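> CSV, C-alpha atoms, file structure-v7.csv:
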chain,number,residue,atom,x,y,z
A,1,MET,CA,-6.4,-23.5,-4.4
A,2,LYS,CA,-6.6,-26.9,-2.7
A,3,TYR,CA,-5.2,-30.0,-4.5
A,4,ASP,CA,-3.6,-33.3,-3.7
A,5,LEU,CA,0.1,-32.8,-4.3
A,6,SER,CA,2.3,-35.6,-3.1
A,7,LEU,CA,6.1,-35.4,-3.5
A,8,PRO,CA,8.5,-38.1,-2.6
A,9,GLU,CA,10.4,-37.4,0.6
A,10,GLY,CA,13.5,-35.3,-0.1
A,11,TYR,CA,12.4,-34.5,-3.7
A,12,LYS,CA,14.2,-31.5,-5.2
A,13,SER,CA,13.9,-30.5,-8.8
A,14,SER,CA,17.3,-30.5,-10.6
A,15,LEU,CA,16.2,-27.6,-12.8
A,16,ASP,CA,15.0,-24.1,-12.0
A,17,PHE,CA,11.8,-22.8,-13.5
A,18,LYS,CA,13.5,-21.2,-16.6
A,19,LYS,CA,15.5,-24.4,-17.4
A,20,THR,CA,12.4,-26.5,-16.8
A,21,GLU,CA,10.5,-24.5,-19.4
A,22,LYS,CA,13.4,-24.7,-21.9
A,23,ALA,CA,13.6,-28.5,-21.3
A,24,ILE,CA,9.9,-28.9,-21.8
A,25,HIS,CA,10.1,-27.0,-25.1
A,26,GLN,CA,13.1,-29.1,-26.3
A,27,VAL,CA,11.4,-32.4,-25.5
A,28,LYS,CA,8.1,-31.3,-27.1
A,29,ARG,CA,9.8,-30.0,-30.2
A,30,PHE,CA,12.0,-33.1,-30.7
A,31,PHE,CA,9.0,-35.4,-30.1
A,32,GLN,CA,6.6,-33.6,-32.5
A,33,ASP,CA,9.2,-33.1,-35.2
A,34,THR,CA,10.4,-36.7,-35.1
A,35,LEU,CA,7.0,-38.3,-34.6
A,36,SER,CA,5.4,-36.2,-37.4
A,37,LYS,CA,8.0,-37.6,-39.8
A,38,GLN,CA,7.6,-41.1,-38.5
A,39,LEU,CA,3.8,-41.1,-38.8
A,40,ASP,CA,3.5,-38.7,-41.7
A,41,LEU,CA,1.6,-36.0,-39.7
A,42,MET,CA,1.0,-32.3,-40.7
A,43,ARG,CA,0.8,-29.6,-38.0
A,44,VAL,CA,-2.5,-27.8,-37.6
A,45,THR,CA,-3.6,-25.1,-35.2
A,46,ALA,CA,-6.1,-26.3,-32.6
A,47,PRO,CA,-9.0,-23.9,-31.6
A,48,LEU,CA,-8.9,-22.4,-28.1
A,49,PHE,CA,-12.7,-22.3,-28.1
A,50,VAL,CA,-15.6,-23.6,-30.2
A,51,GLU,CA,-19.2,-22.4,-30.6
A,52,SER,CA,-21.4,-23.9,-28.0
A,53,ASP,CA,-24.1,-26.5,-28.9
A,54,THR,CA,-22.2,-27.6,-32.0
A,55,GLY,CA,-21.2,-30.9,-30.5
A,56,VAL,CA,-17.5,-30.3,-31.4
A,57,ASN,CA,-16.3,-30.0,-27.7
A,58,ASP,CA,-16.3,-33.6,-26.5
A,59,ASP,CA,-17.7,-34.3,-23.0
A,60,LEU,CA,-14.8,-36.4,-21.7
A,61,ASN,CA,-16.9,-38.3,-19.2
A,62,GLY,CA,-20.3,-36.6,-19.6
A,63,ILE,CA,-20.2,-34.4,-16.5
A,64,GLU,CA,-17.7,-31.6,-17.5
A,65,GLN,CA,-19.0,-28.1,-17.5
A,66,PRO,CA,-17.0,-26.2,-20.1
A,67,VAL,CA,-16.0,-22.6,-19.5
A,68,ARG,CA,-18.5,-20.5,-21.6
A,69,PHE,CA,-18.7,-17.0,-22.7
A,70,LEU,CA,-20.7,-14.8,-25.1
A,71,ILE,CA,-19.2,-13.6,-28.4
A,72,GLU,CA,-21.1,-10.3,-28.5
A,73,HIS,CA,-20.5,-9.5,-32.1
A,74,MET,CA,-21.9,-12.9,-33.2
A,75,GLY,CA,-24.6,-13.1,-30.6
A,76,ALA,CA,-23.4,-16.6,-29.9
A,77,HIS,CA,-21.9,-18.5,-27.0
A,78,ALA,CA,-18.6,-20.2,-27.2
A,79,GLU,CA,-16.8,-22.6,-24.8
A,80,ILE,CA,-13.2,-23.3,-24.1
A,81,VAL,CA,-12.1,-26.5,-25.6
A,82,HIS,CA,-11.4,-29.4,-23.2
A,83,SER,CA,-11.2,-32.2,-25.8
A,84,LEU,CA,-10.3,-32.3,-29.4
A,85,ALA,CA,-11.5,-35.8,-30.2
A,86,LYS,CA,-14.3,-34.8,-32.5
A,87,TRP,CA,-12.5,-31.7,-33.8
A,88,LYS,CA,-9.5,-33.7,-35.0
A,89,ARG,CA,-11.7,-36.0,-37.1
A,90,MET,CA,-13.4,-32.9,-38.6
A,91,ALA,CA,-10.0,-31.4,-39.3
A,92,LEU,CA,-8.9,-34.5,-41.2
A,93,ALA,CA,-11.8,-34.0,-43.6
A,94,ARG,CA,-11.4,-30.2,-43.7
A,95,TYR,CA,-7.7,-30.5,-44.7
A,96,ASP,CA,-8.5,-33.4,-47.1
A,97,ILE,CA,-5.9,-35.6,-45.4
A,98,GLU,CA,-5.3,-38.7,-47.4
A,99,GLU,CA,-5.1,-42.3,-46.1
A,100,GLY,CA,-1.9,-43.1,-44.2
A,101,LYS,CA,-1.4,-39.5,-43.3
A,102,GLY,CA,-2.6,-37.4,-40.4
A,103,ILE,CA,-2.4,-34.2,-38.3
A,104,TYR,CA,-0.9,-33.2,-35.0
A,105,THR,CA,-1.6,-30.2,-32.8
A,106,ASP,CA,-0.7,-28.7,-29.5
A,107,MET,CA,-3.9,-28.0,-27.6
A,108,ASN,CA,-4.3,-25.4,-24.9
A,109,ALA,CA,-7.4,-25.9,-22.9
A,110,ILE,CA,-9.2,-25.3,-19.6
A,111,ARG,CA,-10.9,-28.2,-17.7
A,112,ALA,CA,-12.6,-26.4,-14.9
A,113,CYS,CA,-14.0,-29.7,-13.4
A,114,GLU,CA,-10.7,-31.5,-13.3
A,115,VAL,CA,-9.7,-33.1,-10.0
A,116,LEU,CA,-6.3,-31.6,-9.2
A,117,ASP,CA,-3.3,-33.6,-8.2
A,118,ASN,CA,0.3,-34.2,-9.2
A,119,ILE,CA,-0.5,-34.8,-12.9
A,120,HIS,CA,-3.9,-33.0,-13.4
A,121,SER,CA,-4.4,-29.3,-13.7
A,122,ILE,CA,-7.3,-27.1,-14.8
A,123,TYR,CA,-4.9,-25.8,-17.5
A,124,VAL,CA,-4.1,-28.4,-20.2
A,125,ASP,CA,-1.2,-28.2,-22.6
A,126,GLN,CA,-1.7,-31.4,-24.6
A,127,TRP,CA,0.0,-32.6,-27.7
A,128,ASP,CA,-2.4,-34.7,-29.8
A,129,TRP,CA,-2.6,-36.4,-33.2
A,130,GLU,CA,-5.0,-38.2,-35.4
A,131,LYS,CA,-4.5,-40.3,-38.6
A,132,VAL,CA,-6.7,-41.4,-41.5
A,133,VAL,CA,-6.7,-45.2,-41.5
A,134,THR,CA,-8.6,-47.6,-43.8
A,135,THR,CA,-11.1,-50.2,-42.6
A,136,GLU,CA,-8.5,-52.9,-43.2
A,137,GLU,CA,-5.9,-51.1,-41.0
A,138,ARG,CA,-8.3,-51.1,-38.0
A,139,SER,CA,-6.6,-54.2,-36.6
A,140,LEU,CA,-4.5,-55.2,-33.6
A,141,GLU,CA,-1.5,-55.7,-36.0
A,142,PHE,CA,-1.7,-52.2,-37.3
A,143,LEU,CA,-2.1,-50.8,-33.8
A,144,LYS,CA,1.1,-52.7,-32.7
A,145,LYS,CA,2.9,-51.4,-35.8
A,146,THR,CA,1.9,-47.8,-34.9
A,147,VAL,CA,3.0,-48.3,-31.2
A,148,ARG,CA,6.4,-49.6,-32.4
A,149,GLN,CA,6.8,-46.5,-34.6
A,150,ILE,CA,6.0,-44.3,-31.6
A,151,TYR,CA,8.4,-46.3,-29.4
A,152,ASP,CA,11.1,-46.0,-32.0
A,153,VAL,CA,10.8,-42.2,-31.7
A,154,LEU,CA,11.2,-42.4,-27.9
Could the structure of this file be written out as structure tokens, please?

Amino acid sequence: MKYDLSLPEGYKSSLDFKKTEKAIHQVKRFFQDTLSKQLDLMRVTAPLFVESDTGVNDDLNGIEQPVRFLIEHMGAHAEIVHSLAKWKRMALARYDIEEGKGIYTDMNAIRACEVLDNIHSIYVDQWDWEKVVTTEERSLEFLKKTVRQIYDVL
């Protein structure tokens, strides 16, 4: 597989693969536990795939070709999720999340059209969240407050 990997001269990871995986887990766990408390978020499970032609799988830039397959028992096609933007808003309604609260999830996806480099892969492990906000809260001041809450967690 060809991709544009560029490492600084003399770079050497200070952790082996096993320790790297443990460190990633610890950071993700700390961040999601702390941020979910700070922003009042509930954990929900993200779908690995959604039914094709439902509009749930967002086209990130309009040219992605999702990985598709047939669910024989249903006689329907499904596609691997590559964005949860629409799904998260639907989940807020499905779970009847009230104003000021939200959801978070850890999405695993495949983005077959991704340009590969140091920070992009066809495999995506993405932590994501969404919150119910009122019309009045859709302001620069509310956004700044939320950014400060996230920064406090970091």
> Quick check, in Å to one decimal: how far apart do CA of Ser6 (chain A) and CA of Asp117 (chain A) lie?
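According to the coordinates, CA of Ser6 (chain A) and CA of Asp117 (chain A) are separated by 7.8 Å.
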> Can you pull out the residues contacting region 101-114 of chain A? Cut-off 9 Å, using all atoms listed in the file, and skip same-chain residues under 5 positions away; I want them as a count of residues only.
40
> So how far away is CA of Val153 (chain A) from CA of Arg29 (chain A), in Å?
12.3 Å
> Fewer than 6 positions away in the same chain doesn't count, so skip those; otherwise give me all residues within 8 Å of Val56 (chain A), counting only C-alpha atoms, as a ChimeraX atom specification.
/A:50,84,86-87
> Rounded to one decimal in Å, what is the spacing between CA of Ala76 (chain A) and CA of Asp53 (chain A)?
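Spanning CA of Ala76 (chain A) to CA of Asp53 (chain A) is a straight-line distance of 10.0 Å.
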> Using all atoms listed in the file, pick whichever of A:Asp33, A:Gln149, A:Gln38, A:Ala78 has the shortest atom-to-atom distance to Ser52 (chain A).
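Counting all atoms listed in the file, the residue closest to Ser52 (chain A) is A:Ala78.
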> Using the block above, I'd like region 39-85 of chain A written out, keeping N, CA and C atoms and formatting it as a PDB file, in the first residue's frame.

ATOM      1  N   LEU A  39     -19.492  17.799  30.023  1.00  0.00           N
ATOM      2  CA  LEU A  39     -20.496  18.263  29.059  1.00  0.00           C
ATOM      3  C   LEU A  39     -21.854  17.565  29.225  1.00  0.00           C
ATOM      4  N   ASP A  40     -21.971  16.678  30.222  1.00  0.00           N
ATOM      5  CA  ASP A  40     -23.210  15.944  30.488  1.00  0.00           C
ATOM      6  C   ASP A  40     -23.614  15.096  29.283  1.00  0.00           C
ATOM      7  N   LEU A  41     -22.712  14.167  28.912  1.00  0.00           N
ATOM      8  CA  LEU A  41     -22.919  13.297  27.750  1.00  0.00           C
ATOM      9  C   LEU A  41     -23.142  11.858  28.194  1.00  0.00           C
ATOM     10  N   MET A  42     -24.001  11.146  27.479  1.00  0.00           N
ATOM     11  CA  MET A  42     -24.274   9.732  27.718  1.00  0.00           C
ATOM     12  C   MET A  42     -23.619   8.920  26.596  1.00  0.00           C
ATOM     13  N   ARG A  43     -23.007   7.799  26.927  1.00  0.00           N
ATOM     14  CA  ARG A  43     -22.397   6.960  25.901  1.00  0.00           C
ATOM     15  C   ARG A  43     -23.458   6.164  25.153  1.00  0.00           C
ATOM     16  N   VAL A  44     -23.335   6.137  23.820  1.00  0.00           N
ATOM     17  CA  VAL A  44     -24.197   5.314  22.975  1.00  0.00           C
ATOM     18  C   VAL A  44     -23.305   4.553  21.994  1.00  0.00           C
ATOM     19  N   THR A  45     -23.795   3.446  21.507  1.00  0.00           N
ATOM     20  CA  THR A  45     -23.034   2.634  20.561  1.00  0.00           C
ATOM     21  C   THR A  45     -23.316   3.097  19.137  1.00  0.00           C
ATOM     22  N   ALA A  46     -22.259   3.369  18.408  1.00  0.00           N
ATOM     23  CA  ALA A  46     -22.384   3.807  17.011  1.00  0.00           C
ATOM     24  C   ALA A  46     -22.553   2.598  16.106  1.00  0.00           C
ATOM     25  N   PRO A  47     -23.276   2.759  15.010  1.00  0.00           N
ATOM     26  CA  PRO A  47     -23.410   1.652  14.061  1.00  0.00           C
ATOM     27  C   PRO A  47     -22.129   1.462  13.261  1.00  0.00           C
ATOM     28  N   LEU A  48     -21.817   0.232  12.926  1.00  0.00           N
ATOM     29  CA  LEU A  48     -20.695  -0.064  12.031  1.00  0.00           C
ATOM     30  C   LEU A  48     -21.129   0.156  10.588  1.00  0.00           C
ATOM     31  N   PHE A  49     -22.407  -0.125  10.307  1.00  0.00           N
ATOM     32  CA  PHE A  49     -22.946   0.066   8.962  1.00  0.00           C
ATOM     33  C   PHE A  49     -24.382   0.556   9.068  1.00  0.00           C
ATOM     34  N   VAL A  50     -24.860   1.160   8.000  1.00  0.00           N
ATOM     35  CA  VAL A  50     -26.246   1.632   7.911  1.00  0.00           C
ATOM     36  C   VAL A  50     -26.810   1.178   6.574  1.00  0.00           C
ATOM     37  N   GLU A  51     -28.132   1.120   6.475  1.00  0.00           N
ATOM     38  CA  GLU A  51     -28.760   0.731   5.229  1.00  0.00           C
ATOM     39  C   GLU A  51     -28.487   1.794   4.169  1.00  0.00           C
ATOM     40  N   SER A  52     -28.127   1.350   2.973  1.00  0.00           N
ATOM     41  CA  SER A  52     -27.846   2.268   1.867  1.00  0.00           C
ATOM     42  C   SER A  52     -29.106   3.049   1.503  1.00  0.00           C
ATOM     43  N   ASP A  53     -28.893   4.183   0.886  1.00  0.00           N
ATOM     44  CA  ASP A  53     -29.981   5.020   0.364  1.00  0.00           C
ATOM     45  C   ASP A  53     -30.928   5.550   1.434  1.00  0.00           C
ATOM     46  N   THR A  54     -30.505   5.565   2.694  1.00  0.00           N
ATOM     47  CA  THR A  54     -31.327   6.171   3.743  1.00  0.00           C
ATOM     48  C   THR A  54     -30.898   7.608   4.004  1.00  0.00           C
ATOM     49  N   GLY A  55     -29.699   7.972   3.526  1.00  0.00           N
ATOM     50  CA  GLY A  55     -29.188   9.311   3.759  1.00  0.00           C
ATOM     51  C   GLY A  55     -28.509   9.488   5.101  1.00  0.00           C
ATOM     52  N   VAL A  56     -28.421   8.413   5.880  1.00  0.00           N
ATOM     53  CA  VAL A  56     -27.816   8.511   7.208  1.00  0.00           C
ATOM     54  C   VAL A  56     -26.293   8.631   7.125  1.00  0.00           C
ATOM     55  N   ASN A  57     -25.692   7.951   6.156  1.00  0.00           N
ATOM     56  CA  ASN A  57     -24.231   7.992   6.007  1.00  0.00           C
ATOM     57  C   ASN A  57     -23.861   9.267   5.261  1.00  0.00           C
ATOM     58  N   ASP A  58     -23.311  10.229   5.992  1.00  0.00           N
ATOM     59  CA  ASP A  58     -22.960  11.509   5.394  1.00  0.00           C
ATOM     60  C   ASP A  58     -21.893  11.362   4.323  1.00  0.00           C
ATOM     61  N   ASP A  59     -22.030  12.102   3.234  1.00  0.00           N
ATOM     62  CA  ASP A  59     -20.936  12.249   2.273  1.00  0.00           C
ATOM     63  C   ASP A  59     -20.063  13.368   2.798  1.00  0.00           C
ATOM     64  N   LEU A  60     -18.874  13.029   3.240  1.00  0.00           N
ATOM     65  CA  LEU A  60     -18.013  14.011   3.879  1.00  0.00           C
ATOM     66  C   LEU A  60     -17.704  15.179   2.950  1.00  0.00           C
ATOM     67  N   ASN A  61     -17.367  14.886   1.717  1.00  0.00           N
ATOM     68  CA  ASN A  61     -17.115  15.978   0.762  1.00  0.00           C
ATOM     69  C   ASN A  61     -17.823  15.732  -0.565  1.00  0.00           C
ATOM     70  N   GLY A  62     -18.724  14.755  -0.594  1.00  0.00           N
ATOM     71  CA  GLY A  62     -19.549  14.512  -1.767  1.00  0.00           C
ATOM     72  C   GLY A  62     -18.982  13.550  -2.790  1.00  0.00           C
ATOM     73  N   ILE A  63     -17.744  13.095  -2.600  1.00  0.00           N
ATOM     74  CA  ILE A  63     -17.151  12.193  -3.587  1.00  0.00           C
ATOM     75  C   ILE A  63     -16.799  10.819  -3.021  1.00  0.00           C
ATOM     76  N   GLU A  64     -17.013  10.621  -1.711  1.00  0.00           N
ATOM     77  CA  GLU A  64     -16.687   9.327  -1.110  1.00  0.00           C
ATOM     78  C   GLU A  64     -17.542   8.216  -1.703  1.00  0.00           C
ATOM     79  N   GLN A  65     -16.938   7.079  -1.818  1.00  0.00           N
ATOM     80  CA  GLN A  65     -17.644   5.878  -2.238  1.00  0.00           C
ATOM     81  C   GLN A  65     -17.641   4.927  -1.048  1.00  0.00           C
ATOM     82  N   PRO A  66     -18.765   4.829  -0.314  1.00  0.00           N
ATOM     83  CA  PRO A  66     -18.766   3.958   0.861  1.00  0.00           C
ATOM     84  C   PRO A  66     -18.605   2.483   0.473  1.00  0.00           C
ATOM     85  N   VAL A  67     -18.041   1.717   1.374  1.00  0.00           N
ATOM     86  CA  VAL A  67     -17.917   0.278   1.187  1.00  0.00           C
ATOM     87  C   VAL A  67     -19.315  -0.306   1.359  1.00  0.00           C
ATOM     88  N   ARG A  68     -19.810  -0.995   0.329  1.00  0.00           N
ATOM     89  CA  ARG A  68     -21.184  -1.522   0.337  1.00  0.00           C
ATOM     90  C   ARG A  68     -21.191  -3.043   0.297  1.00  0.00           C
ATOM     91  N   PHE A  69     -22.262  -3.604   0.853  1.00  0.00           N
ATOM     92  CA  PHE A  69     -22.448  -5.047   0.810  1.00  0.00           C
ATOM     93  C   PHE A  69     -23.934  -5.362   0.912  1.00  0.00           C
ATOM     94  N   LEU A  70     -24.286  -6.575   0.514  1.00  0.00           N
ATOM     95  CA  LEU A  70     -25.676  -7.027   0.536  1.00  0.00           C
ATOM     96  C   LEU A  70     -25.954  -7.752   1.851  1.00  0.00           C
ATOM     97  N   ILE A  71     -27.050  -7.391   2.508  1.00  0.00           N
ATOM     98  CA  ILE A  71     -27.537  -8.148   3.654  1.00  0.00           C
ATOM     99  C   ILE A  71     -28.577  -9.102   3.074  1.00  0.00           C
ATOM    100  N   GLU A  72     -28.149 -10.319   2.799  1.00  0.00           N
ATOM    101  CA  GLU A  72     -28.980 -11.257   2.045  1.00  0.00           C
ATOM    102  C   GLU A  72     -30.340 -11.507   2.683  1.00  0.00           C
ATOM    103  N   HIS A  73     -30.373 -11.694   3.987  1.00  0.00           N
ATOM    104  CA  HIS A  73     -31.626 -12.006   4.675  1.00  0.00           C
ATOM    105  C   HIS A  73     -32.651 -10.879   4.522  1.00  0.00           C
ATOM    106  N   MET A  74     -32.178  -9.653   4.429  1.00  0.00           N
ATOM    107  CA  MET A  74     -33.075  -8.501   4.292  1.00  0.00           C
ATOM    108  C   MET A  74     -33.310  -8.127   2.831  1.00  0.00           C
ATOM    109  N   GLY A  75     -32.450  -8.612   1.956  1.00  0.00           N
ATOM    110  CA  GLY A  75     -32.543  -8.215   0.560  1.00  0.00           C
ATOM    111  C   GLY A  75     -32.244  -6.741   0.377  1.00  0.00           C
ATOM    112  N   ALA A  76     -31.401  -6.218   1.248  1.00  0.00           N
ATOM    113  CA  ALA A  76     -31.070  -4.790   1.212  1.00  0.00           C
ATOM    114  C   ALA A  76     -29.566  -4.611   1.234  1.00  0.00           C
ATOM    115  N   HIS A  77     -29.118  -3.490   0.700  1.00  0.00           N
ATOM    116  CA  HIS A  77     -27.702  -3.150   0.741  1.00  0.00           C
ATOM    117  C   HIS A  77     -27.418  -2.262   1.941  1.00  0.00           C
ATOM    118  N   ALA A  78     -26.232  -2.438   2.479  1.00  0.00           N
ATOM    119  CA  ALA A  78     -25.768  -1.607   3.593  1.00  0.00           C
ATOM    120  C   ALA A  78     -24.414  -1.048   3.215  1.00  0.00           C
ATOM    121  N   GLU A  79     -24.001  -0.039   3.947  1.00  0.00           N
ATOM    122  CA  GLU A  79     -22.685   0.553   3.708  1.00  0.00           C
ATOM    123  C   GLU A  79     -22.014   0.851   5.036  1.00  0.00           C
ATOM    124  N   ILE A  80     -20.700   0.654   5.033  1.00  0.00           N
ATOM    125  CA  ILE A  80     -19.904   0.944   6.215  1.00  0.00           C
ATOM    126  C   ILE A  80     -19.966   2.447   6.466  1.00  0.00           C
ATOM    127  N   VAL A  81     -20.195   2.799   7.705  1.00  0.00           N
ATOM    128  CA  VAL A  81     -20.279   4.206   8.087  1.00  0.00           C
ATOM    129  C   VAL A  81     -18.941   4.895   7.851  1.00  0.00           C
ATOM    130  N   HIS A  82     -18.974   6.098   7.324  1.00  0.00           N
ATOM    131  CA  HIS A  82     -17.749   6.898   7.279  1.00  0.00           C
ATOM    132  C   HIS A  82     -17.939   8.254   7.920  1.00  0.00           C
ATOM    133  N   SER A  83     -19.163   8.581   8.332  1.00  0.00           N
ATOM    134  CA  SER A  83     -19.432   9.800   9.082  1.00  0.00           C
ATOM    135  C   SER A  83     -20.707   9.617   9.884  1.00  0.00           C
ATOM    136  N   LEU A  84     -20.696  10.104  11.128  1.00  0.00           N
ATOM    137  CA  LEU A  84     -21.861   9.980  11.993  1.00  0.00           C
ATOM    138  C   LEU A  84     -22.622  11.291  12.166  1.00  0.00           C
ATOM    139  N   ALA A  85     -22.322  12.300  11.365  1.00  0.00           N
ATOM    140  CA  ALA A  85     -22.929  13.614  11.566  1.00  0.00           C
ATOM    141  C   ALA A  85     -24.457  13.536  11.621  1.00  0.00           C
TER     142      ALA A  85
END
